[in-house]
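The file upload10.txt contains compact mmCIF, N, CA and C atoms:
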# COMPACT_ATOMS: atom_id res chain seq x y z
N MET K 1 -0.03 -8.83 -18.85
CA MET K 1 0.26 -7.69 -17.99
C MET K 1 -0.18 -8.00 -16.57
N ALA K 2 0.69 -7.78 -15.63
CA ALA K 2 0.38 -8.03 -14.23
C ALA K 2 -0.48 -6.89 -13.68
N GLU K 3 -1.42 -7.26 -12.85
CA GLU K 3 -2.25 -6.26 -12.18
C GLU K 3 -1.89 -6.23 -10.72
N VAL K 4 -1.82 -5.05 -10.17
CA VAL K 4 -1.48 -4.86 -8.77
C VAL K 4 -2.69 -4.28 -8.07
N ARG K 5 -3.03 -4.84 -6.93
CA ARG K 5 -4.16 -4.33 -6.15
C ARG K 5 -3.68 -3.14 -5.32
N VAL K 6 -4.47 -2.07 -5.38
CA VAL K 6 -4.17 -0.87 -4.59
C VAL K 6 -5.43 -0.49 -3.84
N THR K 7 -5.30 -0.24 -2.55
CA THR K 7 -6.43 0.28 -1.77
C THR K 7 -6.08 1.69 -1.31
N TYR K 8 -7.13 2.50 -1.13
CA TYR K 8 -6.92 3.89 -0.73
C TYR K 8 -8.02 4.33 0.22
N ASP K 9 -7.61 4.94 1.33
CA ASP K 9 -8.53 5.53 2.28
C ASP K 9 -8.29 7.04 2.25
N LYS K 10 -9.19 7.76 1.59
CA LYS K 10 -9.01 9.21 1.43
C LYS K 10 -9.06 9.93 2.77
N THR K 11 -9.91 9.46 3.67
CA THR K 11 -10.03 10.09 4.99
C THR K 11 -8.69 10.04 5.73
N ALA K 12 -8.03 8.90 5.67
CA ALA K 12 -6.72 8.75 6.32
C ALA K 12 -5.58 9.18 5.40
N ASN K 13 -5.90 9.39 4.12
CA ASN K 13 -4.91 9.71 3.10
C ASN K 13 -3.80 8.66 3.08
N ALA K 14 -4.24 7.40 3.11
CA ALA K 14 -3.31 6.27 3.15
C ALA K 14 -3.65 5.28 2.04
N ALA K 15 -2.62 4.77 1.40
CA ALA K 15 -2.79 3.78 0.34
C ALA K 15 -1.94 2.56 0.66
N TYR K 16 -2.35 1.43 0.09
CA TYR K 16 -1.56 0.21 0.23
C TYR K 16 -1.48 -0.46 -1.13
N VAL K 17 -0.26 -0.78 -1.53
CA VAL K 17 -0.01 -1.46 -2.80
C VAL K 17 0.38 -2.89 -2.47
N TYR K 18 -0.42 -3.84 -2.96
CA TYR K 18 -0.21 -5.26 -2.68
C TYR K 18 0.62 -5.90 -3.79
N PHE K 19 1.58 -6.73 -3.40
CA PHE K 19 2.38 -7.49 -4.36
C PHE K 19 2.13 -8.99 -4.20
N THR K 20 0.95 -9.34 -3.73
CA THR K 20 0.57 -10.74 -3.55
C THR K 20 -0.61 -11.05 -4.45
N GLU K 21 -0.90 -12.32 -4.62
CA GLU K 21 -2.08 -12.72 -5.37
C GLU K 21 -3.31 -12.10 -4.72
N PRO K 22 -4.27 -11.64 -5.52
CA PRO K 22 -5.46 -10.98 -4.95
C PRO K 22 -6.18 -11.82 -3.89
N GLN K 23 -6.20 -13.13 -4.05
CA GLN K 23 -6.90 -13.99 -3.10
C GLN K 23 -6.04 -14.35 -1.89
N ALA K 24 -4.75 -14.11 -1.97
CA ALA K 24 -3.83 -14.51 -0.90
C ALA K 24 -4.03 -13.64 0.34
N ARG K 25 -3.92 -14.27 1.46
CA ARG K 25 -3.98 -13.57 2.75
C ARG K 25 -2.63 -13.73 3.44
N VAL K 26 -1.62 -13.11 2.88
CA VAL K 26 -0.26 -13.22 3.40
C VAL K 26 -0.08 -12.22 4.54
N LYS K 27 0.44 -12.69 5.65
CA LYS K 27 0.68 -11.83 6.81
C LYS K 27 2.08 -11.24 6.73
N SER K 28 2.19 -10.01 7.16
CA SER K 28 3.48 -9.35 7.21
C SER K 28 4.28 -9.90 8.39
N ALA K 29 5.51 -10.34 8.11
CA ALA K 29 6.37 -10.85 9.17
C ALA K 29 7.34 -9.77 9.65
N HIS K 30 7.57 -8.75 8.79
CA HIS K 30 8.52 -7.70 9.14
C HIS K 30 8.13 -6.43 8.39
N VAL K 31 8.18 -5.32 9.09
CA VAL K 31 7.89 -4.02 8.49
C VAL K 31 9.17 -3.18 8.54
N TYR K 32 9.53 -2.60 7.41
CA TYR K 32 10.68 -1.70 7.35
C TYR K 32 10.17 -0.30 7.06
N PRO K 33 10.20 0.59 8.05
CA PRO K 33 9.75 1.96 7.81
C PRO K 33 10.86 2.77 7.12
N CYS K 34 10.50 3.43 6.04
CA CYS K 34 11.45 4.33 5.38
C CYS K 34 11.54 5.62 6.18
N ASP K 35 12.63 6.30 6.09
CA ASP K 35 12.86 7.52 6.84
C ASP K 35 11.85 8.59 6.43
N PRO K 36 10.96 9.02 7.34
CA PRO K 36 9.93 9.99 6.97
C PRO K 36 10.50 11.34 6.56
N VAL K 37 11.68 11.70 7.02
CA VAL K 37 12.28 12.98 6.64
C VAL K 37 12.73 12.91 5.18
N ASP K 38 13.38 11.82 4.81
CA ASP K 38 13.88 11.68 3.45
C ASP K 38 12.78 11.59 2.40
N VAL K 39 11.63 11.02 2.76
CA VAL K 39 10.54 10.85 1.79
C VAL K 39 9.39 11.81 2.03
N ASP K 40 9.55 12.73 3.00
CA ASP K 40 8.52 13.72 3.31
C ASP K 40 7.17 13.07 3.56
N GLY K 41 7.17 12.07 4.37
CA GLY K 41 5.97 11.31 4.70
C GLY K 41 6.40 9.96 5.23
N MET K 42 5.48 9.04 5.38
CA MET K 42 5.83 7.73 5.90
C MET K 42 5.52 6.68 4.85
N ILE K 43 6.49 5.85 4.56
CA ILE K 43 6.32 4.72 3.65
C ILE K 43 6.86 3.49 4.37
N ASN K 44 6.04 2.46 4.45
CA ASN K 44 6.43 1.22 5.11
C ASN K 44 6.48 0.09 4.09
N LEU K 45 7.55 -0.68 4.12
CA LEU K 45 7.66 -1.87 3.28
C LEU K 45 7.34 -3.08 4.14
N ASP K 46 6.42 -3.93 3.68
CA ASP K 46 6.05 -5.15 4.39
C ASP K 46 6.69 -6.35 3.71
N PHE K 47 7.27 -7.23 4.52
CA PHE K 47 7.95 -8.43 4.03
C PHE K 47 7.29 -9.67 4.62
N ASP K 48 7.30 -10.78 3.84
CA ASP K 48 6.81 -12.04 4.37
C ASP K 48 7.94 -12.76 5.09
N GLU K 49 7.68 -13.98 5.55
CA GLU K 49 8.67 -14.74 6.31
C GLU K 49 9.89 -15.13 5.47
N GLN K 50 9.76 -15.15 4.15
CA GLN K 50 10.89 -15.48 3.28
C GLN K 50 11.69 -14.24 2.87
N GLY K 51 11.29 -13.07 3.37
CA GLY K 51 12.01 -11.84 3.07
C GLY K 51 11.58 -11.17 1.77
N ARG K 52 10.45 -11.61 1.20
CA ARG K 52 9.94 -11.00 -0.03
C ARG K 52 9.03 -9.82 0.30
N VAL K 53 9.12 -8.76 -0.50
CA VAL K 53 8.23 -7.61 -0.31
C VAL K 53 6.82 -8.03 -0.70
N ILE K 54 5.88 -7.86 0.20
CA ILE K 54 4.49 -8.23 -0.08
C ILE K 54 3.59 -7.01 -0.25
N GLY K 55 4.08 -5.84 0.16
CA GLY K 55 3.27 -4.65 -0.01
C GLY K 55 3.96 -3.40 0.49
N ILE K 56 3.40 -2.28 0.09
CA ILE K 56 3.91 -0.97 0.50
C ILE K 56 2.75 -0.14 1.02
N GLU K 57 2.90 0.39 2.22
CA GLU K 57 1.93 1.31 2.79
C GLU K 57 2.46 2.73 2.58
N VAL K 58 1.61 3.60 2.06
CA VAL K 58 2.01 4.98 1.78
C VAL K 58 1.07 5.92 2.52
N LEU K 59 1.61 6.64 3.50
CA LEU K 59 0.84 7.68 4.18
C LEU K 59 1.11 9.00 3.46
N ALA K 60 0.20 9.96 3.58
CA ALA K 60 0.25 11.19 2.78
C ALA K 60 0.23 10.79 1.30
N ALA K 61 -0.60 9.80 1.00
CA ALA K 61 -0.62 9.18 -0.33
C ALA K 61 -0.94 10.16 -1.46
N SER K 62 -1.78 11.14 -1.20
CA SER K 62 -2.16 12.06 -2.28
C SER K 62 -0.98 12.90 -2.77
N SER K 63 0.05 13.03 -1.96
CA SER K 63 1.23 13.78 -2.39
C SER K 63 2.37 12.86 -2.82
N LYS K 64 2.20 11.55 -2.66
CA LYS K 64 3.26 10.60 -2.98
C LYS K 64 2.96 9.72 -4.20
N LEU K 65 1.69 9.53 -4.50
CA LEU K 65 1.30 8.62 -5.58
C LEU K 65 0.59 9.38 -6.68
N PRO K 66 0.66 8.89 -7.91
CA PRO K 66 -0.03 9.56 -9.01
C PRO K 66 -1.55 9.57 -8.80
N ALA K 67 -2.19 10.65 -9.19
CA ALA K 67 -3.64 10.79 -9.01
C ALA K 67 -4.40 9.68 -9.70
N TYR K 68 -3.97 9.25 -10.92
CA TYR K 68 -4.69 8.19 -11.63
C TYR K 68 -4.69 6.89 -10.82
N LEU K 69 -3.62 6.63 -10.08
CA LEU K 69 -3.55 5.40 -9.28
C LEU K 69 -4.54 5.47 -8.12
N LEU K 70 -4.63 6.61 -7.48
CA LEU K 70 -5.57 6.76 -6.37
C LEU K 70 -7.02 6.74 -6.86
N ARG K 71 -7.28 7.31 -8.04
CA ARG K 71 -8.65 7.29 -8.59
C ARG K 71 -9.09 5.87 -8.92
N SER K 72 -8.16 5.04 -9.35
CA SER K 72 -8.51 3.67 -9.73
C SER K 72 -8.40 2.67 -8.57
N ALA K 73 -7.90 3.13 -7.43
CA ALA K 73 -7.72 2.24 -6.27
C ALA K 73 -9.06 1.83 -5.68
N GLU K 74 -9.07 0.69 -5.04
CA GLU K 74 -10.23 0.23 -4.27
C GLU K 74 -10.35 1.15 -3.06
N ARG K 75 -11.49 1.81 -2.93
CA ARG K 75 -11.67 2.78 -1.85
C ARG K 75 -12.12 2.10 -0.56
N LEU K 76 -11.45 2.43 0.53
CA LEU K 76 -11.77 1.88 1.84
C LEU K 76 -12.60 2.82 2.68
N ASP K 77 -12.71 4.08 2.26
CA ASP K 77 -13.40 5.09 3.05
C ASP K 77 -14.83 5.32 2.59
N ILE K 78 -15.25 4.60 1.59
CA ILE K 78 -16.61 4.76 1.08
C ILE K 78 -17.43 3.56 1.52
N GLU K 79 -18.54 3.83 2.18
CA GLU K 79 -19.40 2.75 2.67
C GLU K 79 -19.86 1.88 1.51
N GLY K 80 -19.79 0.59 1.72
CA GLY K 80 -20.21 -0.35 0.68
C GLY K 80 -19.09 -0.78 -0.24
N SER K 81 -17.88 -0.24 -0.05
CA SER K 81 -16.74 -0.62 -0.89
C SER K 81 -16.15 -1.93 -0.44

Starting from the file, lay out its structure as structure tokens.
Amino acid sequence: MAEVRVTYDKTANAAYVYFTEPQARVKSAHVYPCDPVDVDGMINLDFDEQGRVIGIEVLAASSKLPAYLLRSAERLDIEGS
């Protein structure tokens, strides 16, 4: 079973879902913003230089993602995380 790394900042209500190896430090070469009106928030798709999706940024994450995913995400807003 593949594991996906998810980070969440509750203060900013923003989450990021990574589709890269946990140790990889892949830089985004292109960002495609989804229409905020159609998705009732902002979702950005990040692509690498080969055009592969490397991650998804979700703003207003608490209303867009399942609660269990946010509870299990790596927290960025808690000191020491």

#### Entry: Length of the atom N of K:Pro36 to atom N of K:Leu59 vector [Å]
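Interatomic distance here is 10.4 Å.
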
### Message
Could you list, as a PyMOL selection string, every residue within 8 Å of stretch 42-51 of chain K, counting only C-alpha atoms and ignoring same-chain residues fewer than 5 positions away?
### Response
chain K and resi 26-36+56-60

### Given only C-alpha atoms as the counted atoms, nearest of K:Val17, K:Leu70, K:Ala12, K:Val6 to K:Val53
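That would be K:Val17, the residue with the smallest distance to K:Val53.
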
### Query
Just asking: which residues within chain K are strand (DSSP E) according to DSSP, as a list in words?
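Taking chain K and keeping strand (DSSP E) only, one gets Val6, Thr7, Tyr8, Asp9, Ala14, Ala15, Tyr16, Val17, Tyr18, His30, Val31, Tyr32, Pro33, Ile43, Asn44, Leu45, Asp46, Phe47, Val53, Ile54, Gly55, Ile56, Glu57, Val58, Leu59, Glu74 and Arg75 of chain K.
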
### Message
Let me make sure I understand: among K:Asp40, K:Thr7, K:Ala73, K:Gly55, which one has the smallest atom-to-atom distance to K:Phe19 if we use all atoms listed in the file?
### Response
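Of all the options, K:Gly55 lies closest to K:Phe19.
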
### Interatomic distance, atom CA of K:Ile78 to atom C of K:Glu3 (Å, one decimal)
21.8 Å

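Our summary of the geometry notes that atom CA of K:Arg5 is positioned 17.5 Å from atom N of K:Lys64.
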
May I have all residues of chain K that DSSP, computed from the backbone, assigns to helix (DSSP H, G or I), given as a PDB file with N, CA and C atoms, keeping the file's coordinate frame?
ATOM      1  N   PRO K  36      10.960   9.020   7.340  1.00  0.00           N
ATOM      2  CA  PRO K  36       9.930   9.990   6.970  1.00  0.00           C
ATOM      3  C   PRO K  36      10.500  11.340   6.560  1.00  0.00           C
ATOM      4  N   VAL K  37      11.680  11.700   7.020  1.00  0.00           N
ATOM      5  CA  VAL K  37      12.280  12.980   6.640  1.00  0.00           C
ATOM      6  C   VAL K  37      12.730  12.910   5.180  1.00  0.00           C
ATOM      7  N   ASP K  38      13.380  11.820   4.810  1.00  0.00           N
ATOM      8  CA  ASP K  38      13.880  11.680   3.450  1.00  0.00           C
ATOM      9  C   ASP K  38      12.780  11.590   2.400  1.00  0.00           C
ATOM     10  N   VAL K  39      11.630  11.020   2.760  1.00  0.00           N
ATOM     11  CA  VAL K  39      10.540  10.850   1.790  1.00  0.00           C
ATOM     12  C   VAL K  39       9.390  11.810   2.030  1.00  0.00           C
ATOM     13  N   ALA K  61      -0.600   9.800   1.000  1.00  0.00           N
ATOM     14  CA  ALA K  61      -0.620   9.180  -0.330  1.00  0.00           C
ATOM     15  C   ALA K  61      -0.940  10.160  -1.460  1.00  0.00           C
ATOM     16  N   SER K  62      -1.780  11.140  -1.200  1.00  0.00           N
ATOM     17  CA  SER K  62      -2.160  12.060  -2.280  1.00  0.00           C
ATOM     18  C   SER K  62      -0.980  12.900  -2.770  1.00  0.00           C
ATOM     19  N   SER K  63       0.050  13.030  -1.960  1.00  0.00           N
ATOM     20  CA  SER K  63       1.230  13.780  -2.390  1.00  0.00           C
ATOM     21  C   SER K  63       2.370  12.860  -2.820  1.00  0.00           C
ATOM     22  N   LYS K  64       2.200  11.550  -2.660  1.00  0.00           N
ATOM     23  CA  LYS K  64       3.260  10.600  -2.980  1.00  0.00           C
ATOM     24  C   LYS K  64       2.960   9.720  -4.200  1.00  0.00           C
ATOM     25  N   ALA K  67      -2.190  10.650  -9.190  1.00  0.00           N
ATOM     26  CA  ALA K  67      -3.640  10.790  -9.010  1.00  0.00           C
ATOM     27  C   ALA K  67      -4.400   9.680  -9.700  1.00  0.00           C
ATOM     28  N   TYR K  68      -3.970   9.250 -10.920  1.00  0.00           N
ATOM     29  CA  TYR K  68      -4.690   8.190 -11.630  1.00  0.00           C
ATOM     30  C   TYR K  68      -4.690   6.890 -10.820  1.00  0.00           C
ATOM     31  N   LEU K  69      -3.620   6.630 -10.080  1.00  0.00           N
ATOM     32  CA  LEU K  69      -3.550   5.400  -9.280  1.00  0.00           C
ATOM     33  C   LEU K  69      -4.540   5.470  -8.120  1.00  0.00           C
ATOM     34  N   LEU K  70      -4.630   6.610  -7.480  1.00  0.00           N
ATOM     35  CA  LEU K  70      -5.570   6.760  -6.370  1.00  0.00           C
ATOM     36  C   LEU K  70      -7.020   6.740  -6.860  1.00  0.00           C
ATOM     37  N   ARG K  71      -7.280   7.310  -8.040  1.00  0.00           N
ATOM     38  CA  ARG K  71      -8.650   7.290  -8.590  1.00  0.00           C
ATOM     39  C   ARG K  71      -9.090   5.870  -8.920  1.00  0.00           C
ATOM     40  N   SER K  72      -8.160   5.040  -9.350  1.00  0.00           N
ATOM     41  CA  SER K  72      -8.510   3.670  -9.730  1.00  0.00           C
ATOM     42  C   SER K  72      -8.400   2.670  -8.570  1.00  0.00           C
TER      43      SER K  72
END

### Message
Can you tell me which residues surround K:Tyr8 at a distance of at most 8 Å, considering only C-alpha atoms, apart from same-chain residues fewer than 2 positions away, and format the answer as a list of chain:residue names?
### Response
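These residues fall inside the cut-off: K:Val6, K:Lys10, K:Asn13, K:Ala14, K:Ala15, K:Tyr16, K:Leu70, K:Ala73, K:Glu74, K:Arg75, K:Leu76, K:Asp77.
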
Hey, can I get the axis-aligned box for stretch 54-67 of chain K? All listed atoms, 4 Å padding on each side, centre and edge lengths in Å to one decimal, as AutoDock Vina command-line options.
--center_x 0.7 --center_y 2.8 --center_z -2.8 --size_x 18.3 --size_y 30.0 --size_z 21.9
